[in-house]
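In what follows, a single structure is set out as C-alpha cells and then discussed.
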Amino acid sequence: MMKGFEVVEAMDREQMLDYVRSLLWQFRLVDAFWFIKAEERFGLAAAEKLNEEVWAKVGELAAKDIVRRFGPFEPGLEGFLRAYALFPWTLMVDYEVEKDPQGLLVGVARCPAQEGRLRHGLGEYACRDMHLAEFSGFARVLDPRIRVDCVYAPPDEHPPDRHCLWRFTLEPDPG
C-alpha cells in the first residue's frame with residue numbers, strides 16, 4: 001500500500017486534476033459546514049464574526065505560502081492578481097476582474113456559498129467584513145500599498161446578477 005504523498009505522485013495528469021477538483025470541493029464542504037454548525041451553536045452574528053477572524057488569517061497565510069511556493073510576484077495589482085489566481089477560492093468562484101482608472105474591480109456574479117444558503121432557505125449571510133479581512137490580509141503580504149474597498153457585498157443591497165464588488169487600488173509610496 002502506498003503511503004502519504006506517494007499516492008499523489010503516482011497519479012497521471014487527469015487523475016491529478018480530478019484530485020485537485022475533489023480537494024477544492026471538500027474544502028468548500030468544510031467551510032460551509034463549519035459555518036453552518038457555528039451558526040447553529042452560537043447564532044448568525046457570532047458565526048459571521050468567527051468567519052471574519054478565520055478568513056483574515058487564511059488570507060494572510062495562504063498568500064505567504066503561495067509566495068513561497070510560486071513567487072516572487074511583482075509588486076502592485078498585477079502581482080496581486082497573479083498570486084490570487086492560485087488561491088483555492090479563486091478556482092471555485094468565477095471572479096470577474098475589470099481594470100478601471102483607479103485600479104481593479106473584482107466582482108462575483110455567482111457566489112457558491114450564498115447560493116447554497118439560499119437554496120437551503122437560510123438566507124444570505126453578511127460576508128462583507130469577512131472578505132474585506134481575507135482580501136486585505138492576502139494583499140498586504142503581496143504589497144502593503146494595496147488598498148481594498150468594498151463597493152457592495154452582503155449584507156449590503158446588491159444587484160440580482162452580482163453578489164459583491166470590490167475595488168483594489170494602489171496607495172502611493174509614502175516616500
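Numbering starts fresh at 1 for the residues of each chain in the C-alpha cells, the chains themselves are lettered A, B, ... in the order given, and ligands are numbered from 1 as they appear.
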
> Counting only C-alpha atoms, what is within 12 Å of Ala46 of chain A, bar same-chain residues fewer than 4 positions away, as a list in words?
Replying inline: Phe35, Ile36, Lys37, Ala38, Glu39, Glu40, Arg41, Phe42, Leu50, Asn51, Glu52, Glu53, Tyr125 and Ala126 of chain A

> Excluding same-chain residues fewer than 5 positions from Phe168 of chain A, what lies within 7 Å of it counting only C-alpha atoms, as a ChimeraX atom specification?
Replying inline: /A:103-105,146-149

Mind writing the picked residues with N, CA and C atoms as a compact mmCIF listing (two decimals), in the first residue's frame?
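Listed below is the output, again31.txt:
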# COMPACT_ATOMS: atom_id res chain seq x y z
N GLY A 103 -7.87 51.44 -10.48
CA GLY A 103 -7.25 50.17 -10.11
C GLY A 103 -7.99 49.00 -10.71
N LEU A 104 -8.44 48.10 -9.84
CA LEU A 104 -9.16 46.90 -10.28
C LEU A 104 -10.52 46.84 -9.62
N LEU A 105 -11.48 46.34 -10.37
CA LEU A 105 -12.78 45.99 -9.81
C LEU A 105 -12.88 44.48 -9.90
N ILE A 146 -1.42 47.98 -1.34
CA ILE A 146 -2.72 47.64 -1.94
C ILE A 146 -3.82 47.93 -0.93
N ARG A 147 -4.78 48.71 -1.35
CA ARG A 147 -5.94 49.04 -0.53
C ARG A 147 -7.15 48.32 -1.11
N VAL A 148 -7.96 47.75 -0.22
CA VAL A 148 -9.17 47.02 -0.62
C VAL A 148 -10.37 47.76 -0.07
N ASP A 149 -11.32 48.06 -0.94
CA ASP A 149 -12.56 48.71 -0.53
C ASP A 149 -13.74 47.91 -1.07

>> Nearest residue to Val67 of chain A out of A:Cys127, A:Leu17, A:Leu23, A:Leu142, using only C-alpha atoms?
In response: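 Of the candidates, the smallest distance to Val67 of chain A is held by A:Leu142.
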
Shell of 7 Å around Val141 of chain A, only C-alpha atoms, local chain residues under 6 positions omitted, as a PDB file with C-alpha atoms, in the first residue's frame:
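File produced: out35.pdb:
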ATOM      1  CA  GLU A  60      -2.519  36.091   5.084  1.00  0.00           C
ATOM      2  CA  ALA A  63      -0.540  34.461   0.450  1.00  0.00           C
ATOM      3  CA  LYS A  64       2.674  33.645   2.316  1.00  0.00           C
TER       4      LYS A  64
END

> Between atom CA of Gly137 of chain A and atom CA of Gly59 of chain A, what is the spacing in Å?
Replying inline: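 One can read the atom CA of Gly59 of chain A to atom CA of Gly137 of chain A distance as 5.1 Å.
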
>> One decimal, in Å: what's the spacing between atom CA of Trp166 of chain A and atom CA of Cys150 of chain A?
In response: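 Result for atom CA of Trp166 of chain A versus atom CA of Cys150 of chain A: 4.6 Å, one decimal.
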
>> For a test of reading the model, state the distance in Å between atom CA of Ala153 of chain A and atom CA of Gln26 of chain A, rounded to one decimal.
In response: 24.9 Å

>> Restricting the calculation to only C-alpha atoms: of A:Gly107, A:Gly43, A:Gly79, A:Pro72, which residue gets closest to Tyr152 of chain A?
In response: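 Smallest distance to Tyr152 of chain A is found for A:Gly107.
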
Just want the 8 Å neighbourhood of Ala113 of chain A, counted on only C-alpha atoms, with same-chain residues fewer than 3 positions away dropped. Output as an mmCIF file with C-alpha atoms, in the first residue's frame.
data_model
loop_
_atom_site.group_PDB
_atom_site.id
_atom_site.type_symbol
_atom_site.label_atom_id
_atom_site.label_comp_id
_atom_site.auth_asym_id
_atom_site.auth_seq_id
_atom_site.Cartn_x
_atom_site.Cartn_y
_atom_site.Cartn_z
ATOM 1 C CA ALA A 32 -19.804 25.515 4.543
ATOM 2 C CA GLY A 116 -26.070 27.313 -1.329
ATOM 3 C CA ARG A 117 -27.578 29.119 1.646
#

Name all residues at most 10 Å from Asp94 of chain A (count only C-alpha atoms; drop same-chain ones fewer than 5 positions away) and give them as a compact mmCIF listing (two decimals) with C-alpha atoms, in the first residue's frame.
# COMPACT_ATOMS: atom_id res chain seq x y z
CA TRP A 89 -11.36 30.09 -3.66
CA GLY A 107 -16.89 41.05 -8.64
CA VAL A 108 -18.71 37.79 -8.07
CA ALA A 109 -21.81 37.09 -10.13
CA ARG A 110 -22.47 33.65 -8.67
CA CYS A 111 -21.27 33.05 -5.11
CA PRO A 112 -21.38 29.32 -4.26

>> Considering only alpha helix (DSSP H) as DSSP defines it on the backbone, what residues of segment 68-161 of chain A qualify? List them as an MDAnalysis selection string.
In response: chainID A and resid 68:70 77:84 88:92 112:119 128:142

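When only C-alpha atoms are used to compute distances to Pro172 of chain A, the closest of the residues A:Gly4, A:Pro88, A:Gly76, A:Pro154 turns out to be A:Gly76.
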